[in-house]
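entry-v9.cif (mmCIF, C-alpha atoms and all ligand atoms)
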data_input
#
loop_
_atom_site.label_atom_id
_atom_site.label_comp_id
_atom_site.auth_asym_id
_atom_site.auth_seq_id
_atom_site.Cartn_x
_atom_site.Cartn_y
_atom_site.Cartn_z
CA MET A 14 -71.69 -39.38 80.69
CA ASP A 15 -71.70 -38.26 77.05
CA LEU A 16 -74.62 -40.32 75.80
CA LEU A 17 -73.31 -40.22 72.25
CA GLU A 18 -70.22 -42.10 73.50
CA SER A 19 -72.08 -44.51 75.81
CA ARG A 20 -71.95 -48.29 75.47
CA ILE A 21 -75.38 -49.41 74.32
CA VAL A 22 -76.49 -53.03 74.31
CA ILE A 23 -79.69 -54.20 72.64
CA VAL A 24 -81.13 -57.54 73.70
CA GLY A 25 -83.24 -59.08 70.94
CA ALA A 26 -82.16 -58.84 67.30
CA GLY A 27 -85.65 -58.63 65.81
CA GLN A 28 -87.38 -55.78 64.02
CA ALA A 29 -87.28 -53.46 67.04
CA GLY A 30 -83.69 -54.23 68.04
CA ALA A 31 -82.37 -53.86 64.50
CA ARG A 32 -84.16 -50.60 63.77
CA ALA A 33 -83.02 -49.20 67.11
CA ALA A 34 -79.39 -50.02 66.29
CA GLU A 35 -79.69 -48.22 62.96
CA ALA A 36 -81.42 -45.24 64.58
CA LEU A 37 -78.60 -44.87 67.13
CA ARG A 38 -76.07 -44.42 64.36
CA ALA A 39 -78.41 -42.12 62.43
CA ALA A 40 -78.71 -39.97 65.58
CA GLY A 41 -74.92 -39.56 65.71
CA HIS A 42 -74.17 -42.12 68.43
CA ARG A 43 -70.43 -42.98 68.30
CA GLY A 44 -70.06 -45.41 71.20
CA ALA A 45 -70.19 -49.20 71.04
CA VAL A 46 -73.50 -50.74 69.94
CA THR A 47 -73.96 -54.46 70.53
CA LEU A 48 -77.02 -56.23 69.16
CA ILE A 49 -77.59 -59.64 70.72
CA GLY A 50 -80.10 -62.17 69.43
CA ASP A 51 -80.67 -65.82 70.24
CA GLU A 52 -81.75 -66.78 66.72
CA PRO A 53 -78.99 -68.01 64.40
CA HIS A 54 -79.89 -65.43 61.71
CA PRO A 55 -79.20 -61.74 61.29
CA PRO A 56 -82.32 -59.59 61.93
CA TYR A 57 -85.20 -60.01 59.51
CA GLU A 58 -88.81 -58.87 59.09
CA ARG A 59 -91.42 -61.43 60.10
CA PRO A 60 -94.46 -60.47 57.96
CA GLN A 61 -92.99 -62.30 54.96
CA LEU A 62 -92.90 -65.60 56.91
CA SER A 63 -96.65 -66.17 56.72
CA LYS A 64 -97.06 -64.71 53.23
CA LYS A 65 -94.44 -64.84 50.47
CA MET A 66 -92.26 -67.45 52.15
CA LEU A 67 -95.14 -69.92 52.34
CA LEU A 68 -96.50 -69.13 48.89
CA ASP A 69 -93.22 -69.24 47.02
CA GLN A 70 -90.90 -72.24 47.52
CA GLN A 71 -87.88 -70.15 46.52
CA ALA A 72 -88.60 -67.00 48.55
CA ASP A 73 -85.86 -66.01 50.98
CA ALA A 74 -86.42 -64.25 54.28
CA ALA A 75 -86.55 -60.44 54.34
CA PHE A 76 -83.23 -59.69 56.06
CA ILE A 77 -82.85 -56.11 57.25
CA ARG A 78 -79.09 -55.99 56.50
CA THR A 79 -76.38 -58.53 55.79
CA THR A 80 -73.84 -59.41 58.47
CA GLN A 81 -71.27 -57.37 56.54
CA GLU A 82 -73.60 -54.35 56.47
CA TRP A 83 -74.05 -54.56 60.24
CA SER A 84 -70.32 -54.57 60.63
CA ASP A 85 -69.99 -51.61 58.23
CA LEU A 86 -72.44 -49.70 60.43
CA GLY A 87 -70.20 -50.36 63.40
CA VAL A 88 -72.75 -52.60 65.14
CA THR A 89 -71.44 -55.73 66.82
CA LEU A 90 -74.04 -58.35 65.96
CA ARG A 91 -74.01 -61.46 68.12
CA THR A 92 -76.42 -64.03 66.74
CA GLY A 93 -77.13 -67.41 68.34
CA THR A 94 -76.46 -65.79 71.72
CA ARG A 95 -78.92 -65.65 74.56
CA VAL A 96 -78.79 -63.07 77.31
CA VAL A 97 -79.27 -65.10 80.46
CA THR A 98 -79.13 -62.52 83.24
CA ILE A 99 -78.89 -58.80 83.80
CA ASP A 100 -76.66 -57.56 86.60
CA LEU A 101 -78.01 -54.06 87.25
CA GLY A 102 -75.40 -53.11 89.88
CA GLN A 103 -72.44 -54.03 87.67
CA ARG A 104 -74.25 -53.00 84.48
CA LYS A 105 -73.42 -56.20 82.65
CA LEU A 106 -75.19 -59.08 80.96
CA ALA A 107 -74.33 -62.76 81.24
CA LEU A 108 -74.50 -64.52 77.88
CA SER A 109 -75.32 -68.12 77.01
CA GLY A 110 -71.75 -68.77 75.80
CA GLY A 111 -70.40 -68.02 79.29
CA ASP A 112 -68.96 -64.54 78.67
CA ASP A 113 -70.47 -61.22 79.63
CA VAL A 114 -70.87 -57.78 78.14
CA GLY A 115 -71.04 -54.42 79.90
CA PHE A 116 -73.39 -51.56 79.11
CA ASP A 117 -74.16 -47.97 80.04
CA ARG A 118 -77.65 -48.11 78.57
CA LEU A 119 -79.69 -51.19 77.73
CA LEU A 120 -82.62 -51.70 75.35
CA ILE A 121 -84.78 -54.76 75.92
CA ALA A 122 -86.41 -55.76 72.64
CA THR A 123 -87.06 -59.43 73.27
CA GLY A 124 -90.45 -59.56 71.52
CA THR A 125 -92.90 -62.38 72.03
CA ARG A 126 -93.19 -66.14 71.69
CA PRO A 127 -96.12 -68.16 70.35
CA ARG A 128 -98.54 -69.42 72.95
CA ARG A 129 -98.37 -73.22 72.90
CA LEU A 130 -101.16 -75.75 73.21
CA ALA A 131 -100.46 -78.28 75.92
CA ALA A 132 -103.22 -80.53 74.52
CA LEU A 133 -101.10 -81.10 71.40
CA GLU A 134 -97.91 -82.18 73.19
CA GLY A 135 -97.17 -85.76 72.11
CA ALA A 136 -99.23 -85.57 68.90
CA THR A 137 -98.05 -88.05 66.26
CA ILE A 138 -98.79 -85.56 63.47
CA ALA A 139 -96.34 -82.65 63.26
CA VAL A 140 -97.59 -79.54 65.04
CA HIS A 141 -96.26 -76.23 63.68
CA TYR A 142 -95.99 -72.79 65.27
CA LEU A 143 -94.90 -69.85 63.13
CA ARG A 144 -92.56 -67.26 64.58
CA GLY A 145 -89.18 -67.53 62.89
CA ILE A 146 -87.45 -68.37 59.61
CA ASP A 147 -86.84 -71.95 60.66
CA ASP A 148 -90.54 -72.44 61.43
CA ALA A 149 -91.48 -71.17 57.96
CA LEU A 150 -88.88 -73.37 56.27
CA THR A 151 -90.18 -76.43 58.14
CA LEU A 152 -93.82 -75.69 57.34
CA ARG A 153 -93.38 -74.65 53.70
CA PRO A 154 -92.68 -78.12 52.21
CA GLN A 155 -95.73 -79.48 54.06
CA LEU A 156 -98.11 -77.20 52.17
CA VAL A 157 -98.44 -79.42 49.11
CA GLU A 158 -101.46 -80.17 46.98
CA GLY A 159 -103.92 -82.52 48.65
CA HIS A 160 -102.44 -82.26 52.15
CA ARG A 161 -105.07 -81.74 54.82
CA VAL A 162 -104.07 -78.73 56.91
CA ALA A 163 -105.82 -77.97 60.20
CA LEU A 164 -105.40 -74.45 61.54
CA VAL A 165 -106.02 -73.99 65.24
CA GLY A 166 -106.88 -70.31 65.64
CA GLY A 167 -108.75 -68.07 63.21
CA GLY A 168 -106.71 -64.95 63.94
CA VAL A 169 -104.44 -63.04 61.58
CA ILE A 170 -101.53 -65.50 61.48
CA GLY A 171 -103.85 -68.52 61.23
CA LEU A 172 -105.74 -67.00 58.32
CA GLU A 173 -102.57 -65.99 56.47
CA VAL A 174 -101.29 -69.55 56.73
CA ALA A 175 -104.73 -70.84 55.68
CA ALA A 176 -104.69 -68.56 52.62
CA ALA A 177 -101.22 -69.79 51.63
CA ALA A 178 -102.23 -73.43 52.15
CA LEU A 179 -105.40 -73.05 50.05
CA SER A 180 -103.44 -71.24 47.32
CA ARG A 181 -101.09 -74.20 47.20
CA GLY A 182 -103.91 -76.72 46.82
CA CYS A 183 -104.22 -77.98 50.38
CA LYS A 184 -107.53 -78.93 51.99
CA VAL A 185 -107.93 -76.53 54.89
CA THR A 186 -109.94 -76.61 58.10
CA ILE A 187 -109.94 -73.53 60.32
CA ILE A 188 -110.82 -74.13 63.97
CA GLU A 189 -111.79 -71.04 65.98
CA ARG A 190 -113.06 -70.97 69.55
CA ALA A 191 -115.03 -67.71 69.14
CA ASP A 192 -118.21 -67.59 67.09
CA HIS A 193 -116.48 -65.60 64.32
CA LEU A 194 -113.07 -65.30 62.65
CA LEU A 195 -110.56 -62.59 63.61
CA PRO A 196 -112.15 -62.10 67.05
CA GLN A 197 -109.22 -60.02 68.36
CA ILE A 198 -109.79 -57.30 65.77
CA GLY A 199 -113.33 -56.58 66.89
CA SER A 200 -114.83 -55.66 63.51
CA PRO A 201 -118.00 -57.63 62.71
CA SER A 202 -117.85 -56.60 59.03
CA LEU A 203 -114.29 -57.79 58.66
CA SER A 204 -115.09 -61.09 60.40
CA ARG A 205 -117.99 -61.71 58.02
CA PHE A 206 -115.86 -60.75 55.02
CA ALA A 207 -113.09 -63.16 56.07
CA HIS A 208 -115.56 -65.96 56.74
CA ASP A 209 -117.15 -65.61 53.29
CA MET A 210 -113.78 -65.33 51.58
CA PHE A 211 -112.43 -68.53 53.15
CA VAL A 212 -115.60 -70.52 52.57
CA LYS A 213 -115.65 -69.41 48.91
CA ARG A 214 -112.04 -70.55 48.54
CA GLY A 215 -113.00 -74.00 49.83
CA ALA A 216 -111.98 -73.92 53.51
CA ALA A 217 -114.05 -75.63 56.19
CA VAL A 218 -114.53 -72.91 58.82
CA LEU A 219 -115.47 -74.27 62.25
CA CYS A 220 -116.34 -71.49 64.69
CA LYS A 221 -117.33 -72.06 68.33
CA ALA A 222 -115.05 -75.08 68.04
CA GLU A 223 -112.84 -75.92 71.00
CA LEU A 224 -109.82 -78.14 70.57
CA SER A 225 -109.73 -80.93 73.10
CA ASP A 226 -106.91 -83.31 72.18
CA HIS A 227 -104.75 -84.74 69.45
CA HIS A 228 -106.00 -87.83 67.66
CA ALA A 229 -104.34 -90.55 65.57
CA SER A 230 -105.84 -89.02 62.43
CA GLY A 231 -105.65 -85.36 63.38
CA LEU A 232 -107.44 -83.41 66.07
CA MET A 233 -110.31 -84.05 68.44
CA LEU A 234 -112.73 -81.24 69.25
CA ALA A 235 -114.52 -80.82 72.57
CA ASP A 236 -117.83 -81.88 71.01
CA GLY A 237 -116.29 -85.17 69.88
CA ARG A 238 -115.77 -84.28 66.22
CA VAL A 239 -112.50 -85.42 64.67
CA VAL A 240 -110.73 -83.17 62.17
CA ASP A 241 -108.52 -85.24 59.88
CA ALA A 242 -105.16 -83.63 59.20
CA ASP A 243 -101.71 -84.29 57.77
CA VAL A 244 -100.42 -80.97 59.07
CA ILE A 245 -101.46 -79.02 62.17
CA VAL A 246 -100.64 -75.31 62.53
CA VAL A 247 -101.36 -73.46 65.76
CA GLY A 248 -101.83 -69.68 65.79
CA ILE A 249 -103.42 -68.78 69.11
CA GLY A 250 -101.51 -65.64 69.97
CA VAL A 251 -98.24 -64.79 71.65
CA GLU A 252 -96.80 -64.01 75.06
CA PRO A 253 -94.20 -61.35 75.82
CA ALA A 254 -90.66 -62.67 76.35
CA GLY A 255 -90.38 -60.90 79.67
CA GLU A 256 -88.15 -63.12 81.77
CA LEU A 257 -85.13 -60.77 81.76
CA ALA A 258 -87.34 -57.89 82.80
CA GLN A 259 -88.84 -60.06 85.53
CA GLN A 260 -85.37 -60.68 86.94
CA ILE A 261 -84.94 -56.96 87.53
CA GLY A 262 -88.49 -56.48 88.77
CA LEU A 263 -89.84 -54.79 85.65
CA ALA A 264 -92.25 -57.08 83.83
CA GLY A 265 -95.92 -56.51 84.47
CA VAL A 266 -98.70 -58.79 83.36
CA GLN A 267 -98.90 -57.24 79.91
CA GLY A 268 -95.24 -56.56 79.20
CA ILE A 269 -92.52 -54.10 80.18
CA ARG A 270 -94.07 -50.76 81.04
CA VAL A 271 -92.32 -47.76 79.47
CA ASP A 272 -92.97 -44.03 79.23
CA ALA A 273 -93.37 -42.13 75.95
CA ARG A 274 -89.56 -42.12 75.57
CA GLY A 275 -89.36 -45.89 75.97
CA ALA A 276 -87.74 -45.60 79.41
CA THR A 277 -88.59 -48.13 82.13
CA GLU A 278 -88.66 -47.44 85.86
CA CYS A 279 -84.99 -48.55 86.05
CA ASP A 280 -82.35 -45.95 85.23
CA ASN A 281 -80.72 -46.56 81.84
CA ILE A 282 -83.02 -49.46 80.93
CA PHE A 283 -85.37 -49.01 77.99
CA ALA A 284 -87.74 -51.34 76.14
CA ALA A 285 -89.42 -51.33 72.74
CA GLY A 286 -91.37 -53.48 70.31
CA ASP A 287 -93.75 -56.34 71.03
CA VAL A 288 -92.48 -56.70 74.60
CA ALA A 289 -93.13 -53.08 75.64
CA GLU A 290 -96.31 -51.67 77.08
CA GLN A 291 -96.79 -47.93 76.57
CA TRP A 292 -99.50 -45.42 77.42
CA SER A 293 -101.56 -44.63 74.33
CA ALA A 294 -102.71 -41.03 74.18
CA CYS A 295 -104.93 -41.96 71.21
CA HIS A 296 -106.77 -44.63 73.19
CA ASP A 297 -106.40 -43.50 76.81
CA ARG A 298 -104.95 -46.78 77.99
CA TRP A 299 -101.81 -48.89 78.35
CA LEU A 300 -101.17 -50.95 75.24
CA ARG A 301 -98.68 -53.62 74.27
CA LEU A 302 -98.85 -53.78 70.48
CA GLU A 303 -97.78 -56.68 68.32
CA ASN A 304 -97.19 -55.21 64.91
CA TRP A 305 -94.47 -54.27 62.46
CA ALA A 306 -95.08 -50.50 62.47
CA ASN A 307 -94.98 -50.27 66.24
CA ALA A 308 -91.85 -52.45 66.49
CA GLN A 309 -90.09 -50.24 63.98
CA ASN A 310 -91.21 -46.74 64.92
CA GLN A 311 -91.37 -47.13 68.68
CA ALA A 312 -87.85 -48.59 68.59
CA ILE A 313 -86.51 -45.72 66.49
CA ALA A 314 -88.05 -43.14 68.83
CA THR A 315 -86.68 -44.98 71.88
CA ALA A 316 -83.17 -45.22 70.41
CA ARG A 317 -83.18 -41.45 69.88
CA ALA A 318 -84.30 -40.90 73.47
CA MET A 319 -81.51 -43.21 74.68
CA VAL A 320 -78.90 -40.79 73.33
CA GLY A 321 -80.60 -37.80 74.92
CA LEU A 322 -82.71 -36.46 72.07
CA ASP A 323 -86.19 -35.15 72.82
CA SER A 324 -88.01 -38.10 71.33
CA ARG A 325 -91.45 -39.49 72.18
CA TYR A 326 -93.55 -42.11 70.45
CA GLU A 327 -97.26 -41.56 70.09
CA ALA A 328 -99.13 -43.22 67.25
CA PRO A 329 -102.27 -45.31 67.02
CA SER A 330 -101.91 -49.03 66.47
CA TRP A 331 -101.85 -49.91 62.77
CA PHE A 332 -101.18 -53.16 60.96
CA TRP A 333 -101.92 -54.95 57.72
CA SER A 334 -102.55 -58.51 56.66
CA ASP A 335 -102.56 -60.00 53.15
CA GLN A 336 -104.91 -62.92 52.52
CA PHE A 337 -105.31 -64.03 48.89
CA ASP A 338 -105.89 -60.76 47.01
CA ALA A 339 -107.31 -58.94 50.03
CA ASN A 340 -105.12 -56.31 51.64
CA ILE A 341 -106.60 -55.79 55.09
CA GLN A 342 -105.53 -52.85 57.24
CA VAL A 343 -106.59 -52.10 60.78
CA VAL A 344 -106.10 -48.92 62.78
CA GLY A 345 -106.86 -48.42 66.45
CA HIS A 346 -109.40 -50.62 68.15
CA PRO A 347 -112.59 -51.17 66.14
CA ALA A 348 -114.55 -53.02 68.87
CA CYS A 349 -117.88 -51.52 67.85
CA ALA A 350 -121.07 -53.35 66.90
CA ASN A 351 -122.46 -50.47 64.82
CA GLU A 352 -119.74 -49.86 62.30
CA ILE A 353 -120.07 -47.17 59.66
CA ILE A 354 -119.59 -48.86 56.32
CA ARG A 355 -118.05 -47.05 53.36
CA GLY A 356 -118.62 -49.04 50.20
CA ASP A 357 -120.18 -52.50 50.12
CA ALA A 358 -119.09 -54.77 52.97
CA GLY A 359 -119.97 -57.77 50.81
CA SER A 360 -117.51 -56.67 48.14
CA ALA A 361 -113.73 -56.92 48.03
CA ARG A 362 -113.31 -53.18 48.72
CA PHE A 363 -114.78 -51.38 51.70
CA SER A 364 -113.97 -49.64 54.97
CA ALA A 365 -115.68 -50.06 58.35
CA ILE A 366 -115.33 -47.30 60.92
CA SER A 367 -115.99 -47.39 64.65
CA VAL A 368 -117.01 -44.13 66.31
CA ARG A 369 -117.27 -43.71 70.08
CA ASP A 370 -118.27 -40.42 71.76
CA GLY A 371 -117.97 -38.68 68.39
CA GLU A 372 -114.36 -39.83 67.76
CA VAL A 373 -113.07 -42.44 65.33
CA VAL A 374 -111.53 -45.04 67.66
CA GLY A 375 -110.78 -47.71 65.10
CA ALA A 376 -111.33 -48.78 61.52
CA VAL A 377 -110.61 -51.54 59.06
CA SER A 378 -110.18 -51.31 55.32
CA VAL A 379 -110.20 -54.04 52.71
CA ASN A 380 -108.33 -53.11 49.52
CA ASN A 381 -108.80 -49.46 50.35
CA ALA A 382 -105.44 -48.00 51.32
CA LYS A 383 -106.64 -44.51 50.38
CA ASP A 384 -109.36 -44.49 53.05
CA MET A 385 -106.98 -46.04 55.56
CA ALA A 386 -104.38 -43.29 55.13
CA MET A 387 -107.01 -40.75 56.26
CA LEU A 388 -108.50 -43.02 58.93
CA ARG A 389 -105.09 -43.36 60.58
CA ARG A 390 -104.87 -39.58 60.78
CA LEU A 391 -108.42 -39.32 62.10
CA VAL A 392 -107.78 -41.81 64.92
CA ALA A 393 -104.59 -39.96 65.89
CA SER A 394 -106.28 -36.54 65.75
CA ARG A 395 -109.22 -37.46 68.06
CA LYS A 396 -111.31 -34.92 66.16
CA LYS A 397 -115.10 -35.04 66.53
CA VAL A 398 -116.69 -36.41 63.37
CA ASP A 399 -120.11 -36.52 61.78
CA PRO A 400 -120.97 -40.25 61.40
CA ALA A 401 -123.48 -39.54 58.61
CA ALA A 402 -120.83 -37.79 56.53
CA LEU A 403 -118.35 -40.66 57.00
CA ALA A 404 -120.91 -43.17 55.73
CA ASN A 405 -121.12 -41.40 52.38
CA PRO A 406 -118.48 -43.09 50.18
CA ASN A 407 -118.20 -39.88 48.14
CA PHE A 408 -117.31 -37.82 51.22
CA ASP A 409 -113.59 -37.03 51.17
CA LEU A 410 -112.28 -38.16 54.57
CA LYS A 411 -109.69 -35.40 54.40
CA ARG A 412 -112.52 -32.95 55.08
CA ALA A 413 -113.16 -34.61 58.47
CA LEU A 414 -109.62 -33.64 59.46
CA ALA A 415 -110.02 -29.97 58.60
C1 LIG B 501 -95.51 -64.89 60.96
C2 LIG B 501 -95.69 -63.46 61.33
C3 LIG B 501 -96.30 -62.59 60.44
C4 LIG B 501 -96.50 -61.24 60.78
N1 LIG B 501 -97.12 -60.42 59.90
C5 LIG B 501 -97.35 -59.12 60.22
C6 LIG B 501 -97.99 -58.25 59.31
O1 LIG B 501 -98.41 -58.64 58.22
N2 LIG B 501 -98.20 -56.95 59.69
C7 LIG B 501 -97.78 -56.47 60.90
O2 LIG B 501 -97.99 -55.29 61.19
N3 LIG B 501 -97.15 -57.30 61.80
C8 LIG B 501 -96.91 -58.61 61.48
N4 LIG B 501 -96.26 -59.44 62.36
C9 LIG B 501 -95.85 -58.90 63.68
C10 LIG B 501 -94.45 -58.27 63.63
O3 LIG B 501 -93.60 -59.05 62.87
C11 LIG B 501 -93.95 -58.14 65.06
O4 LIG B 501 -94.76 -57.18 65.70
C12 LIG B 501 -92.47 -57.71 65.13
O5 LIG B 501 -91.66 -58.72 64.58
C13 LIG B 501 -92.05 -57.47 66.57
O6 LIG B 501 -90.70 -57.13 66.58
P1 LIG B 501 -89.84 -57.21 67.94
O7 LIG B 501 -88.44 -56.90 67.51
O8 LIG B 501 -90.49 -56.43 68.99
O9 LIG B 501 -89.92 -58.72 68.41
P2 LIG B 501 -89.43 -60.05 67.70
O10 LIG B 501 -89.59 -59.94 66.23
O11 LIG B 501 -90.13 -61.15 68.41
O12 LIG B 501 -87.88 -60.11 68.02
C14 LIG B 501 -87.38 -60.35 69.32
C15 LIG B 501 -86.11 -61.16 69.21
O13 LIG B 501 -85.51 -61.26 70.49
C16 LIG B 501 -85.02 -62.57 70.67
N5 LIG B 501 -84.83 -62.82 72.10
C17 LIG B 501 -85.80 -63.01 73.05
N6 LIG B 501 -85.22 -63.18 74.27
C18 LIG B 501 -83.89 -63.10 74.09
C19 LIG B 501 -82.76 -63.19 74.97
N7 LIG B 501 -82.90 -63.39 76.30
N8 LIG B 501 -81.52 -63.07 74.44
C20 LIG B 501 -81.34 -62.85 73.10
N9 LIG B 501 -82.37 -62.75 72.24
C21 LIG B 501 -83.62 -62.87 72.72
C22 LIG B 501 -86.11 -63.40 70.01
O14 LIG B 501 -85.68 -64.72 69.71
C23 LIG B 501 -86.35 -62.59 68.74
O15 LIG B 501 -85.45 -62.91 67.73
C24 LIG B 501 -96.06 -60.78 62.05
C25 LIG B 501 -95.46 -61.67 62.96
C26 LIG B 501 -95.27 -62.99 62.61
C27 LIG B 501 -94.62 -63.93 63.59
#

Can the structure in the file be given as structure tokens, please?
Ligand SMILES: Cc1cc2nc3c(=O)[nH]c(=O)nc-3n(C[C@H](O)[C@H](O)[C@H](O)COP(=O)(O)OP(=O)(O)OC[C@H]3O[C@@H](n4cnc5c(N)ncnc54)[C@H](O)[C@@H]3O)c2cc1C
Amino acid sequence: MDLLESRIVIVGAGQAGARAAEALRAAGHRGAVTLIGDEPHPPYERPQLSKKMLLDQQADAAFIRTTQEWSDLGVTLRTGTRVVTIDLGQRKLALSGGDDVGFDRLLIATGTRPRRLAALEGATIAVHYLRGIDDALTLRPQLVEGHRVALVGGGVIGLEVAAAALSRGCKVTIIERADHLLPQIGSPSLSRFAHDMFVKRGAAVLCKAELSDHHASGLMLADGRVVDADVIVVGIGVEPAGELAQQIGLAGVQGIRVDARGATECDNIFAAGDVAEQWSACHDRWLRLENWANAQNQAIATARAMVGLDSRYEAPSWFWSDQFDANIQVVGHPACANEIIRGDAGSARFSAISVRDGEVVGAVSVNNAKDMAMLRRLVASRKKVDPAALANPNFDLKRALA
């Protein structure tokens, strides 16, 4: 089979699916490309949903291309269409509308879905989850001055929504089960910074607080406290949308396992983005990442491999979050109690670096993109570093890479 002429189908028209479709054409692929997504919209970038779209009543979603532009690229975009089953023997997919589509090579880029809270089923107050455009458009008009907004989950998405709600004059309560905010990131300095920032902006931050039930006036916590709320937003993480992969025996506990080319154990089946779990040479373990950069770059590398190019994806995890005027960036896996601090962790500009066995394994930066650019390279390089040198804010991190 000439791979450049093959029929390629991409399931999931999110960031990964869309960037893969573009990368196929950029790599010279001439065969049919079909991009199938169950949302009613053309592909868009999600980061805007919890930032600009909540802050600005007029802001539109960040669409990757218009429907016309997809057509001009020669990509058949099928929105509002769910892939229901994969028939591996016949190499075809059954679609929700009743028809089917054949493929030579398939990319599964089905992403994740928000984890839901069973305790809030049946609540009389509207409970919001934030994953898609329609979620943002439903939540946005609720963030009005004076409304009491309860956030369940003090992770990245919860805090971005909290920042937008506070900026729009809402009264905000953040409920977090761990004893600090942003527990998944693993940086004590960043958690303290976020806590101080939200308290200063007027939020009530309740850590070690377990949700128990909904209540006529809001939420009930396990210790009996009631949090009054007009709006409830839940941000407690996501789960991989792995049901198609399960059908063909691929999905593991964490996601769909792929090699460095994005190939699964099944011939001609690839996966990329939030749903894919890949070996990380930077961190010596299998990782399923949930961030924009991974969705984009892993998908591009996988698309190139699908048409036979020598393409592998190896990069440390990196993501950003914007909360008020703080640009937070995280590389790798901080998870270290004794962080090396560059700058003043109590200020609005600092970096915190985690070193294990002489290597930088993770770092966060607050309003310090310059440090982060070097820290990303340091994590990827696995070079041995001198912790004392890193702690000196005048030490040029570039020298650690030499
Ligand atoms: C509100 C929000 C804010 C974010 N902010 C940031 C940020 O600031 N920085 C950052 O680095 N990352 C951020 N992210 C994470 C980033 O957006 C994701 O990592 C990225 O969108 C993952 O892309 P994906 O294509 O793998 O999956 P998704 O974006 O989840 O796309 C998968 C698509 O597949 C569809 N699908 C699933 N099953 C089927 C099926 N059977 N048939 C057809 N279609 C199907 C889904 O409906 C979805 O449209 C944010 C995420 C959210 C939700």

Using only C-alpha atoms and all ligand atoms, find each residue in chain A having at least one atom no more than 7 Å away from ligand LIG 501 (chain B); report its shortest atom-to-atom pair and that distance in Å (one decimal), rows by chain then rising number, as a Markdown table.
| residue | atom | partner | partner_atom | distance |
| --- | --- | --- | --- | --- |
| A:Val24 | CA | B:LIG501 | C20 | 5.3 |
| A:Gly25 | CA | B:LIG501 | O13 | 3.2 |
| A:Ala26 | CA | B:LIG501 | C15 | 5.0 |
| A:Gly27 | CA | B:LIG501 | O12 | 3.5 |
| A:Gln28 | CA | B:LIG501 | O7 | 3.8 |
| A:Ala29 | CA | B:LIG501 | O7 | 3.7 |
| A:Gly30 | CA | B:LIG501 | O7 | 5.5 |
| A:Ile49 | CA | B:LIG501 | C20 | 5.5 |
| A:Gly50 | CA | B:LIG501 | N9 | 3.7 |
| A:Asp51 | CA | B:LIG501 | N9 | 4.0 |
| A:Glu52 | CA | B:LIG501 | O14 | 5.4 |
| A:Glu58 | CA | B:LIG501 | O3 | 6.1 |
| A:Arg59 | CA | B:LIG501 | O3 | 4.3 |
| A:Pro60 | CA | B:LIG501 | N1 | 3.3 |
| A:Gln61 | CA | B:LIG501 | C3 | 6.4 |
| A:Leu62 | CA | B:LIG501 | C1 | 4.9 |
| A:Ser63 | CA | B:LIG501 | C1 | 4.6 |
| A:Thr94 | CA | B:LIG501 | C20 | 5.9 |
| A:Arg95 | CA | B:LIG501 | N8 | 3.7 |
| A:Val96 | CA | B:LIG501 | N8 | 4.0 |
| A:Val97 | CA | B:LIG501 | N7 | 5.8 |
| A:Ala122 | CA | B:LIG501 | O8 | 5.5 |
| A:Thr123 | CA | B:LIG501 | O13 | 3.7 |
| A:Gly124 | CA | B:LIG501 | O9 | 3.3 |
| A:Thr125 | CA | B:LIG501 | O11 | 4.7 |
| A:Arg126 | CA | B:LIG501 | O11 | 6.7 |
| A:Leu143 | CA | B:LIG501 | C1 | 5.4 |
| A:Arg144 | CA | B:LIG501 | C27 | 4.0 |
| A:Gly145 | CA | B:LIG501 | C27 | 6.6 |
| A:Ile170 | CA | B:LIG501 | C1 | 6.1 |
| A:Ala254 | CA | B:LIG501 | N6 | 5.8 |
| A:Leu257 | CA | B:LIG501 | N7 | 6.5 |
| A:Ala285 | CA | B:LIG501 | O8 | 6.4 |
| A:Gly286 | CA | B:LIG501 | O8 | 3.3 |
| A:Asp287 | CA | B:LIG501 | O8 | 3.8 |
| A:Val288 | CA | B:LIG501 | O8 | 6.0 |
| A:Glu303 | CA | B:LIG501 | O4 | 4.0 |
| A:Asn304 | CA | B:LIG501 | O4 | 3.2 |
| A:Trp305 | CA | B:LIG501 | O2 | 3.9 |
| A:Ala306 | CA | B:LIG501 | O2 | 5.7 |
| A:Asn307 | CA | B:LIG501 | O4 | 6.9 |
| A:Ala308 | CA | B:LIG501 | O6 | 4.8 |
| A:Trp331 | CA | B:LIG501 | O2 | 6.8 |
| A:Phe332 | CA | B:LIG501 | O2 | 3.8 |
| A:Trp333 | CA | B:LIG501 | N2 | 4.7 |
| A:Ser334 | CA | B:LIG501 | O1 | 4.4 |
| A:Asp335 | CA | B:LIG501 | O1 | 6.7 |

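Note that the spacing between CA of Asp243 (chain A) and CA of Tyr57 (chain A) amounts to 29.4 Å.
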
Next item on the list: Could you jot down the CA of Glu372 (chain A) to CA of Trp292 (chain A) separation for me, Å, one decimal place?
Entry: 18.6 Å

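Remark: for Glu252 (chain A), the closest of the candidate residues A:Ala163, A:Leu302, A:Leu232, A:Met210 is A:Leu302 (distances computed over only C-alpha atoms).
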
Checklist line | Point (-106.9, -74.7, 68.8) neighbourhood (8 Å, all atoms listed in the file) written as number ranges by chain | finding: A: 130, 164-166, 188-190, 223-224, 247-249

Note to self: Show me, as an MDAnalysis selection string, the residues that have an atom within 9 Å of region 355-357 of chain A when counting all atoms listed in the file, minus same-chain residues fewer than 5 positions from it.
What the structure shows: chainID A and resid 362:366 403:407

Item checked: Point-to-point distance from CA of Val379 (chain A) to CA of Leu67 (chain A), Å rounded to tenths -> 21.9 Å
